Structure formats: C-alpha cells, structure tokens
file query_9.csv (CSV, C-alpha atoms)
chain,number,residue,atom,x,y,z
A,1,MET,CA,103.0,128.5,86.3
A,2,ALA,CA,104.8,125.9,88.4
A,3,GLN,CA,106.6,124.4,85.3
A,4,GLU,CA,108.0,127.7,84.2
A,5,ASP,CA,109.0,128.5,87.8
A,6,ILE,CA,110.9,125.3,88.2
A,7,GLN,CA,112.6,125.3,84.8
A,8,THR,CA,113.8,128.9,84.7
A,9,LYS,CA,115.2,129.6,88.2
A,10,PRO,CA,116.2,127.6,91.3
A,11,VAL,CA,113.5,126.5,93.6
A,12,LYS,CA,114.5,126.2,97.2
A,13,ARG,CA,112.2,124.2,99.5
A,14,LEU,CA,112.0,122.9,103.0
A,15,LEU,CA,110.3,119.6,103.8
A,16,VAL,CA,109.4,118.0,107.1
A,17,GLY,CA,108.2,114.4,107.5
A,18,PHE,CA,107.0,112.0,110.1
A,19,GLY,CA,106.1,108.3,109.9
A,20,SER,CA,107.3,104.8,110.7
A,21,ALA,CA,110.5,102.9,110.6
A,22,ASN,CA,111.6,99.2,110.6
A,23,VAL,CA,115.4,98.8,111.3
A,24,MET,CA,117.6,95.7,111.7
A,25,ASP,CA,121.3,95.6,112.1
A,26,THR,CA,122.7,92.1,113.0
A,27,TYR,CA,125.9,93.7,114.5
A,28,LEU,CA,123.6,94.9,117.3
A,29,SER,CA,120.7,92.5,117.3
A,30,PRO,CA,119.3,89.7,115.0
A,31,TYR,CA,115.8,91.2,115.5
A,32,SER,CA,114.0,94.1,113.8
A,33,TYR,CA,113.0,97.1,115.9
A,34,LYS,CA,109.8,98.6,114.7
A,35,HIS,CA,107.1,98.6,117.4
A,36,LYS,CA,105.8,102.0,118.4
A,37,ASP,CA,108.3,103.7,116.2
A,38,ILE,CA,108.6,107.3,115.2
A,39,ARG,CA,110.6,108.7,112.3
A,40,LEU,CA,111.3,112.4,111.7
A,41,ASP,CA,112.8,113.8,108.6
A,42,TRP,CA,114.1,117.3,107.8
A,43,MET,CA,115.1,118.1,104.2
A,44,TYR,CA,116.4,121.2,102.5
A,45,GLU,CA,116.5,121.0,98.7
A,46,GLU,CA,117.3,123.2,95.7
A,47,CYS,CA,115.9,122.3,92.3
A,48,ARG,CA,117.6,123.6,89.2
A,49,GLU,CA,117.1,122.7,85.5
A,50,LYS,CA,120.0,120.3,85.4
A,51,ARG,CA,120.9,119.8,89.0
A,52,PHE,CA,119.1,118.7,92.2
A,53,GLU,CA,120.8,119.2,95.5
A,54,GLY,CA,119.7,118.4,99.0
A,55,VAL,CA,120.7,117.9,102.6
A,56,GLY,CA,118.6,116.0,105.2
A,57,LEU,CA,118.5,114.7,108.7
A,58,HIS,CA,116.4,111.8,110.1
A,59,PHE,CA,115.9,110.4,113.5
A,60,ALA,CA,113.9,107.3,114.6
A,61,THR,CA,113.2,105.8,117.9
A,62,MET,CA,111.9,102.2,118.1
A,63,GLU,CA,111.2,99.3,120.4
A,64,ASN,CA,111.6,95.6,120.0
A,65,MET,CA,108.6,93.3,119.9
A,66,ALA,CA,108.8,92.7,123.6
A,67,ARG,CA,108.7,96.4,124.3
A,68,ASN,CA,111.6,96.2,126.8
A,69,VAL,CA,114.5,97.6,124.7
A,70,ARG,CA,114.8,100.8,122.6
A,71,GLU,CA,116.9,101.5,119.6
A,72,TYR,CA,117.7,104.9,118.1
A,73,ASP,CA,118.5,105.5,114.4
A,74,PHE,CA,119.9,108.8,113.2
A,75,GLY,CA,121.7,110.1,110.1
A,76,LEU,CA,122.7,112.9,107.9
A,77,TYR,CA,122.8,112.8,104.1
A,78,ILE,CA,123.9,115.1,101.3
A,79,HIS,CA,123.1,114.4,97.7
A,80,THR,CA,123.7,116.1,94.3
A,81,ALA,CA,122.0,114.8,91.1
A,82,PHE,CA,123.1,115.8,87.6
A,83,HIS,CA,120.2,115.5,85.2
A,84,LEU,CA,122.0,114.8,82.0
A,85,LEU,CA,119.0,113.5,80.2
A,86,HIS,CA,116.0,115.8,79.9
A,87,ARG,CA,112.8,115.4,77.9
A,88,HIS,CA,109.7,117.6,77.9
A,89,ILE,CA,106.6,116.1,76.4
A,90,GLY,CA,103.4,118.1,76.8
A,91,GLN,CA,102.7,118.6,80.5
A,92,PHE,CA,105.3,116.0,81.5
A,93,ASP,CA,108.9,116.9,82.3
A,94,MET,CA,111.4,113.9,82.7
A,95,LYS,CA,115.0,114.1,84.0
A,96,ALA,CA,117.6,111.4,84.7
A,97,GLY,CA,121.2,111.1,85.5
A,98,PRO,CA,123.9,110.2,88.1
A,99,MET,CA,123.6,111.3,91.8
A,100,GLY,CA,126.4,111.5,94.4
A,101,TYR,CA,125.0,110.4,97.8
A,102,LEU,CA,126.9,110.8,101.1
A,103,TYR,CA,125.5,109.3,104.3
A,104,VAL,CA,126.8,109.5,107.8
A,105,GLY,CA,124.8,108.1,110.7
A,106,GLY,CA,124.5,105.3,113.3
A,107,LEU,CA,122.4,103.1,115.5
A,108,TYR,CA,122.3,102.9,119.3
A,109,ASN,CA,120.9,100.0,121.3
A,110,GLU,CA,120.1,100.4,125.0
A,111,ARG,CA,120.8,96.7,125.8
A,112,ASN,CA,124.2,96.1,124.3
A,113,GLY,CA,127.1,96.7,126.8
A,114,ASN,CA,130.3,96.1,124.9
A,115,ASN,CA,129.1,97.3,121.5
A,116,PRO,CA,126.0,99.5,122.0
A,117,ALA,CA,126.4,101.4,118.8
A,118,GLN,CA,127.0,100.9,115.1
A,119,ALA,CA,128.4,103.6,112.8
A,120,ARG,CA,127.2,103.9,109.2
A,121,LEU,CA,129.2,105.7,106.5
A,122,SER,CA,128.9,105.4,102.8
A,123,LEU,CA,129.6,107.3,99.6
A,124,MET,CA,127.7,106.1,96.6
A,125,ALA,CA,127.0,106.9,92.9
A,126,ASP,CA,123.3,106.5,92.3
A,127,LEU,CA,120.9,106.5,89.4
A,128,SER,CA,118.4,109.3,89.8
A,129,ALA,CA,115.3,110.2,87.9
A,130,MET,CA,112.4,112.7,88.3
A,131,VAL,CA,109.1,113.1,86.5
A,132,THR,CA,106.8,116.1,86.9
A,133,TYR,CA,103.3,116.7,85.6
A,134,ASP,CA,101.8,120.1,85.5
A,135,PHE,CA,98.0,120.7,85.5
A,136,SER,CA,95.5,123.4,86.4
A,137,LEU,CA,92.6,123.1,88.9
A,138,TRP,CA,90.3,125.8,90.0
A,139,ASN,CA,92.3,128.3,87.9
A,140,LYS,CA,95.4,127.4,90.0
A,141,SER,CA,98.6,125.7,88.9
A,142,PHE,CA,99.4,122.4,90.5
A,143,GLN,CA,102.3,120.0,89.9
A,144,LEU,CA,102.8,116.3,90.7
A,145,GLU,CA,106.4,115.2,91.2
A,146,TYR,CA,107.7,111.6,91.4
A,147,SER,CA,111.4,110.9,92.0
A,148,PHE,CA,113.6,108.0,92.9
A,149,ASP,CA,117.3,107.0,93.2
A,150,ILE,CA,119.0,103.6,93.3
A,151,PRO,CA,122.5,103.1,94.6
A,152,LEU,CA,124.8,101.6,92.0
A,153,VAL,CA,128.4,101.6,93.2
A,154,GLY,CA,130.5,103.2,95.9
A,155,VAL,CA,132.4,102.6,99.2
A,156,ALA,CA,131.0,101.9,102.7
A,157,TYR,CA,132.3,101.3,106.2
A,158,SER,CA,131.4,98.0,108.0
A,159,PRO,CA,133.0,96.1,110.9
A,160,GLN,CA,133.4,92.3,110.6
A,161,PHE,CA,131.0,90.0,112.3
A,162,GLY,CA,132.1,89.9,115.9
A,163,GLN,CA,134.7,92.6,115.5
A,164,SER,CA,134.6,95.3,118.2
A,165,TYR,CA,135.2,99.0,117.8
A,166,TYR,CA,138.0,98.7,120.4
A,167,GLU,CA,139.8,96.2,118.2
A,168,GLN,CA,139.4,98.5,115.1
A,169,PHE,CA,140.4,101.8,116.6
A,170,MET,CA,142.4,101.1,119.7
A,171,LEU,CA,144.3,98.1,118.6
A,172,GLY,CA,144.4,99.0,114.9
A,173,ASP,CA,143.1,95.6,113.8
A,174,TYR,CA,141.8,96.5,110.3
A,175,ASP,CA,139.8,93.7,108.7
A,176,HIS,CA,138.4,94.8,105.4
A,177,ASN,CA,136.3,97.5,107.1
A,178,CYS,CA,136.2,99.6,104.0
A,179,VAL,CA,134.1,97.6,101.6
A,180,PHE,CA,133.2,97.9,97.9
A,181,ALA,CA,129.5,98.6,97.8
A,182,HIS,CA,127.3,97.9,94.7
A,183,PHE,CA,123.7,97.3,93.7
A,184,ILE,CA,124.1,93.5,94.5
A,185,ASN,CA,125.2,93.8,98.2
A,186,THR,CA,123.3,97.1,98.6
A,187,PRO,CA,119.9,96.6,97.0
A,188,SER,CA,118.2,99.8,97.9
A,189,LEU,CA,115.5,102.3,96.7
A,190,ARG,CA,114.5,105.7,97.8
A,191,HIS,CA,111.4,107.3,96.2
A,192,ARG,CA,109.0,110.1,96.7
A,193,LEU,CA,105.7,111.5,95.5
A,194,LEU,CA,104.9,115.2,96.0
A,195,LEU,CA,102.0,117.5,95.2
A,196,ASN,CA,102.9,121.2,94.7
A,197,PHE,CA,100.1,123.6,95.1
A,198,PRO,CA,99.4,127.3,95.9
A,199,PHE,CA,97.9,128.4,99.2
A,200,PHE,CA,97.7,131.9,100.6
A,201,ASP,CA,100.3,133.3,98.2
A,202,LYS,CA,102.8,130.6,99.0
A,203,ARG,CA,103.6,127.3,97.3
A,204,TRP,CA,103.3,124.2,99.5
A,205,PHE,CA,104.2,120.5,99.1
A,206,VAL,CA,102.5,117.4,100.6
A,207,GLY,CA,103.4,113.8,99.8
A,208,TYR,CA,105.0,110.5,100.6
A,209,ASN,CA,108.6,109.5,101.1
A,210,GLY,CA,109.6,105.9,101.1
A,211,VAL,CA,113.1,104.5,101.9
A,212,MET,CA,114.2,100.9,101.5
A,213,ASP,CA,117.9,100.7,102.4
A,214,GLN,CA,119.5,97.3,102.6
A,215,SER,CA,123.1,96.0,102.8
A,216,LYS,CA,125.1,92.9,103.5
A,217,TYR,CA,128.8,93.5,104.3
A,218,ASN,CA,131.3,91.4,106.1
A,219,GLY,CA,128.7,88.8,107.3
A,220,LEU,CA,126.4,91.5,108.7
A,221,ARG,CA,123.0,92.3,107.4
A,222,TYR,CA,121.2,95.6,107.7
A,223,HIS,CA,117.9,97.0,106.6
A,224,SER,CA,116.0,100.3,107.2
A,225,TYR,CA,112.5,100.6,105.8
A,226,SER,CA,110.6,103.8,106.4
A,227,HIS,CA,107.4,105.5,105.2
A,228,SER,CA,106.9,109.2,105.9
A,229,PHE,CA,104.2,111.8,105.3
A,230,LEU,CA,105.8,115.0,104.0
A,231,ILE,CA,104.7,118.6,104.2
A,232,GLY,CA,106.8,121.6,103.1
A,233,TRP,CA,106.9,125.0,101.5
A,234,LYS,CA,108.9,127.0,98.9
A,235,LEU,CA,111.4,129.3,100.5
call {"tool": "encode", "arguments": {"input": "query_9.csv", "output": "structure tokens"}}
result
Amino acid sequence: MAQEDIQTKPVKRLLVGFGSANVMDTYLSPYSYKHKDIRLDWMYEECREKRFEGVGLHFATMENMARNVREYDFGLYIHTAFHLLHRHIGQFDMKAGPMGYLYVGGLYNERNGNNPAQARLSLMADLSAMVTYDFSLWNKSFQLEYSFDIPLVGVAYSPQFGQSYYEQFMLGDYDHNCVFAHFINTPSLRHRLLLNFPFFDKRWFVGYNGVMDQSKYNGLRYHSYSHSFLIGWKL
C-alpha cells in the first residue's frame, strides 16, 4: 500500500512540470511580464517519515504586453523539511515542521542596457506541512498529497533602488544589500496537490504546483506567480 511504502522507507521521485508565469521586478521594469509565457520545472525529491528533501530547477521565458521585449526567469532551490509534528488518523497522515529553503536565481531583461539582470539569493526558515490521504480504487492503492510551505524568517540579497551592480561589486558601495527577510516583507506561499497511482508496475504522480513569491526590499518590489501541471514517477 502507498501509505506503508511512504512511511517505512524513503521514496525517491522525479517530477517535471510546465505551465505559466507572471513575473515583475521593479529593478528591471515596472511592468509584469506574462504574455505567451512558458515555465518549466524539474524536481528531485526524497520523502522520509520525518524528513522531506528536494532540489529543483525552474526556467520561464515571458513577453511584455506589447510583445516587443522578452524576460527570462531562472533559479535553483534546495529545501529540507523536518516534520516534528506527526499525526495519523484513519486514512489521513498529517505532518508539519520547519523547513530550510535556499534559493539562487535571477532575471534577465533584453531591453535594459546598464542593468539587464537582477540576481536573487535568499536563505529562509519556512513553515512546512503535508497531508496525505490513502484510498483504494479498482483494487489499486491511490494516494492524494497536499503540501505547502510559507517563508517565515531569513536573509536575502537586494540592491537599493537605482543602485547598479557596478557600484556594488566594482566600487564596493555596500548599501544594506543583505536584508532581513520575514513574512511581512516576503508574503509568499508555495503549495502543491499530487495524485499518486500505479500504472504498469510503476507508481506515477500527476498534479498541480502553485507558487506565489513576493518581496519588498530596499524600495524594490518583486513578484513571481506560477501555475504548473506536474507529472512524475517513483525512482
């Protein structure tokens, strides 16, 4: 059964997703880039009884509303969740605890000359939770999984409004570029719904992944909203 499999030994899985993205970074442009966008996700995860680890990549290419400028969003993230609270009630299994979340990425805008790119770097402590529901259908074991994490506190990199990367790294003009990030200036949510099912002697996953990342540091506003369809399999 899926519940027994997940609870007694590590479950390694690979997920691939594609969907849409809406990104705005006022360091590069005051407008959102979202028209004719594509977002691709690649995720490798390992689920244990009290720990959930993962590494992922994402890439999105977008156009502005006038369709004459493109912007590229890319990033790498690594997370580890420690499920300190664990309750099992009937067919439901509920876990919650802290998560460490490291993100390294950036944006590139085709139009900007002096500052065409914006780097993104953050290390956060998140609140993480996961709920699974096991059921049988057609004499086969299925599982629904819903998970989410919310950034609580950490550190992030951000230039000041109007501060160039030349000033920061060539001239050494530091101006509070390492910022204290918390759930007030980083109101974000990442959540996901997956269906785990057997097919041809292999367990597969299909579902939805939603990301709502927002921040406001040093007079600069940023958001990245994405919706992706996921498909994956147990390794």
call {"tool": "residues_around", "arguments": {"input": "query_9.csv", "residues": "Ser20 in chain A", "least_positions_apart": "5", "cutoff": "12 Å", "atoms": "all atoms listed in the file", "output": "list of chain:residue names"}}
result
A:Tyr33, A:Lys34, A:His35, A:Lys36, A:Asp37, A:Ile38, A:Arg39, A:Leu40, A:Asp41, A:His58, A:Phe59, A:Ala60, A:Thr61, A:Met62, A:Glu63, A:Asp73, A:Tyr208, A:Asn209, A:Gly210, A:Val211, A:Ser224, A:Tyr225, A:Ser226, A:His227, A:Ser228, A:Phe229
call {"tool": "residues_around", "arguments": {"input": "query_9.csv", "residues": "Lys216 in chain A", "least_positions_apart": "4", "cutoff": "7 Å", "atoms": "only C-alpha atoms", "output": "ChimeraX atom specification"}}
result
/A:185-186,220-222
call {"tool": "closest_residue", "arguments": {"input": "query_9.csv", "among": "A:Leu15, A:Lys140, A:Ile89, A:Asp149", "to": "Leu194 in chain A", "atoms": "all atoms listed in the file"}}
result
A:Leu15
call {"tool": "closest_atom_pairs", "arguments": {"input": "query_9.csv", "of": "range 53-130 of chain A", "to": "range 152-172 of chain A", "cutoff": "6 Å", "atoms": "all atoms listed in the file", "output": "CSV"}}
result
residue,atom,partner,partner_atom,distance
A:Leu121,CA,A:Tyr157,CA,5.4
A:Ser122,CA,A:Ala156,CA,4.1
A:Leu123,CA,A:Val155,CA,5.5
A:Met124,CA,A:Gly154,CA,4.1
A:Ala125,CA,A:Val153,CA,5.5
A:Asp126,CA,A:Leu152,CA,5.1
call {"tool": "atom_distance", "arguments": {"input": "query_9.csv", "atom1": "CA of Trp233 in chain A", "atom2": "CA of Lys12 in chain A"}}
result
8.8 Å
call {"tool": "residues_around", "arguments": {"input": "query_9.csv", "residues": "Gly207 in chain A", "least_positions_apart": "4", "cutoff": "8 Å", "atoms": "all atoms listed in the file", "output": "NGL selection string"}}
result
:A and (192-195 or 229-231)
call {"tool": "closest_residue", "arguments": {"input": "query_9.csv", "among": "A:Gly17, A:Gly219, A:Gly90, A:Gly232", "to": "Pro198 in chain A", "atoms": "all atoms listed in the file"}}
result
A:Gly232
call {"tool": "atom_distance", "arguments": {"input": "query_9.csv", "atom1": "CA of Glu45 in chain A", "atom2": "CA of Leu57 in chain A"}}
result
12.0 Å
call {"tool": "residues_around", "arguments": {"input": "query_9.csv", "residues": "Val104 in chain A", "least_positions_apart": "2", "cutoff": "7 Å", "atoms": "only C-alpha atoms", "output": "ChimeraX atom specification"}}
result
/A:75-77,102,120-122
call {"tool": "atom_distance", "arguments": {"input": "query_9.csv", "atom1": "CA of Trp42 in chain A", "atom2": "CA of Leu84 in chain A"}}
result
27.1 Å
call {"tool": "residues_around", "arguments": {"input": "query_9.csv", "residues": "Gly54 in chain A", "least_positions_apart": "4", "cutoff": "6 Å", "atoms": "all atoms listed in the file", "output": "list in words"}}
result
Tyr44, Glu45, Ile78 and His79 of chain A
call {"tool": "closest_residue", "arguments": {"input": "query_9.csv", "among": "A:Lys50, A:Arg111, A:Arg67, A:His223", "to": "Pro98 in chain A", "atoms": "all atoms listed in the file"}}
result
A:Lys50
call {"tool": "closest_residue", "arguments": {"input": "query_9.csv", "among": "A:Met43, A:Leu28, A:Met130, A:Ala66", "to": "His191 in chain A", "atoms": "all atoms listed in the file"}}
result
A:Met130
call {"tool": "closest_residue", "arguments": {"input": "query_9.csv", "among": "A:Ser188, A:Asn22, A:Ser215, A:Ser29", "to": "Ala117 in chain A", "atoms": "all atoms listed in the file"}}
result
A:Ser29
call {"tool": "residues_near_point", "arguments": {"input": "query_9.csv", "point": "(123.8, 123.7, 92.9)", "cutoff": "12 Å", "atoms": "only C-alpha atoms", "output": "PyMOL selection string"}}
result
chain A and resi 9-12+45-55+79-83
